[in-house]
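The structure appears right after this line, and notes come after that.
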Amino acid sequence: MDPDRYKKLASKYEAKRPVLQNCIRAFWTGGLICVIGQAVSYFFIFFFDFTEQTVGNPTVAFMVFLSMLLTGFGIYDRLGQFAGAGSAVPVTGFGNAVISAAIEHRTEGFVLGVGGNMFKLAGSVILFGVFSAFIVALIKSLF
């Protein structure tokens, strides 16, 4: 069988991906995560006297902690299966990436397993974030 004929035959039996349904799930789940984050911000402003300028850091820390906690209980993984990028793109996806690697390698020990593999996926995000912040600060100081 020639490659073109095989490709046509294979595409005929290939399962169609529900692209529109996946986009809708990602949109609503990501939006729900952002609404929860906004509610947490308002909670910190109302009960802990933060301002709109200072509430960002504790909100991000709480959302990352919450995603790590939900990943530890196996809930965030199911959410990721359902929502796809909708759960990976917000900052909660960062927490999930860090803790998932730590959970996966915990049998290898705390130093070499958890410590050595925790930032395998998230380490590049941290590295490029710090590097790009340095470049932006350098450009800003020059101009």
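By order of appearance in the structure tokens: chains A, B, ..., then residues from 1 within every chain, and ligands from 1 in the order shown.
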
May I have all residues of range 31-88 of chain A that DSSP, computed from the backbone, assigns to helix (DSSP H, G or I), given as a PyMOL selection string?
chain A and resi 31-48+56-72+75-83+85-88

Got time to write the residues from that selection, C-alpha atoms, as a PDB file, in the first residue's frame?
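Output contents, as saved in part-v1.pdb:
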```
ATOM      1  CA  GLY A  31     -12.437  31.859  33.667  1.00  0.00           C
ATOM      2  CA  LEU A  32     -13.721  30.088  36.780  1.00  0.00           C
ATOM      3  CA  ILE A  33     -10.181  29.862  38.155  1.00  0.00           C
ATOM      4  CA  CYS A  34      -9.770  33.602  37.535  1.00  0.00           C
ATOM      5  CA  VAL A  35     -13.102  34.340  39.258  1.00  0.00           C
ATOM      6  CA  ILE A  36     -11.934  32.337  42.271  1.00  0.00           C
ATOM      7  CA  GLY A  37      -8.693  34.317  42.257  1.00  0.00           C
ATOM      8  CA  GLN A  38     -10.636  37.570  42.144  1.00  0.00           C
ATOM      9  CA  ALA A  39     -12.786  36.424  45.056  1.00  0.00           C
ATOM     10  CA  VAL A  40      -9.634  35.600  47.027  1.00  0.00           C
ATOM     11  CA  SER A  41      -8.317  39.092  46.244  1.00  0.00           C
ATOM     12  CA  TYR A  42     -11.496  40.685  47.554  1.00  0.00           C
ATOM     13  CA  PHE A  43     -11.309  38.467  50.642  1.00  0.00           C
ATOM     14  CA  PHE A  44      -7.776  39.684  51.367  1.00  0.00           C
ATOM     15  CA  ILE A  45      -8.768  43.305  50.760  1.00  0.00           C
ATOM     16  CA  PHE A  46     -11.837  43.104  52.984  1.00  0.00           C
ATOM     17  CA  PHE A  47     -10.504  41.025  55.892  1.00  0.00           C
ATOM     18  CA  PHE A  48      -6.756  41.769  55.909  1.00  0.00           C
ATOM     19  CA  GLY A  56      -1.513  40.559  44.143  1.00  0.00           C
ATOM     20  CA  ASN A  57       1.283  38.681  45.890  1.00  0.00           C
ATOM     21  CA  PRO A  58      -0.790  36.992  48.605  1.00  0.00           C
ATOM     22  CA  THR A  59      -3.474  36.120  46.065  1.00  0.00           C
ATOM     23  CA  VAL A  60      -0.983  34.448  43.747  1.00  0.00           C
ATOM     24  CA  ALA A  61       0.628  32.610  46.659  1.00  0.00           C
ATOM     25  CA  PHE A  62      -2.768  31.374  47.859  1.00  0.00           C
ATOM     26  CA  MET A  63      -3.831  30.238  44.370  1.00  0.00           C
ATOM     27  CA  VAL A  64      -0.556  28.356  43.826  1.00  0.00           C
ATOM     28  CA  PHE A  65      -0.867  26.757  47.277  1.00  0.00           C
ATOM     29  CA  LEU A  66      -4.477  25.788  46.553  1.00  0.00           C
ATOM     30  CA  SER A  67      -3.525  24.173  43.248  1.00  0.00           C
ATOM     31  CA  MET A  68      -0.714  22.260  44.953  1.00  0.00           C
ATOM     32  CA  LEU A  69      -3.115  21.049  47.624  1.00  0.00           C
ATOM     33  CA  LEU A  70      -5.686  19.978  45.034  1.00  0.00           C
ATOM     34  CA  THR A  71      -2.957  18.223  43.034  1.00  0.00           C
ATOM     35  CA  GLY A  72      -1.907  16.312  46.141  1.00  0.00           C
ATOM     36  CA  ILE A  75      -8.467  16.708  42.128  1.00  0.00           C
ATOM     37  CA  TYR A  76      -6.430  19.082  39.955  1.00  0.00           C
ATOM     38  CA  ASP A  77      -5.331  16.244  37.662  1.00  0.00           C
ATOM     39  CA  ARG A  78      -8.962  15.412  36.917  1.00  0.00           C
ATOM     40  CA  LEU A  79      -9.621  19.100  36.334  1.00  0.00           C
ATOM     41  CA  GLY A  80      -6.695  19.158  33.898  1.00  0.00           C
ATOM     42  CA  GLN A  81      -8.116  16.174  32.027  1.00  0.00           C
ATOM     43  CA  PHE A  82     -11.432  17.977  31.689  1.00  0.00           C
ATOM     44  CA  ALA A  83     -10.242  21.516  30.964  1.00  0.00           C
ATOM     45  CA  ALA A  85      -5.189  24.457  28.787  1.00  0.00           C
ATOM     46  CA  GLY A  86      -7.883  26.159  30.853  1.00  0.00           C
ATOM     47  CA  SER A  87      -6.295  24.718  33.984  1.00  0.00           C
ATOM     48  CA  ALA A  88      -2.676  24.895  32.806  1.00  0.00           C
TER      49      ALA A  88
END
```

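Considering the residues A:Phe73, A:Thr107, A:Gly84, A:Phe143 and counting only C-alpha atoms, Arg25 in chain A has its shortest atom-to-atom contact with A:Gly84.
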
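Among the candidates A:Leu112, A:Ala15, A:Met1, A:Ala122, the residue lying nearest to Ser100 in chain A is A:Ala122 (atoms considered: only C-alpha atoms).
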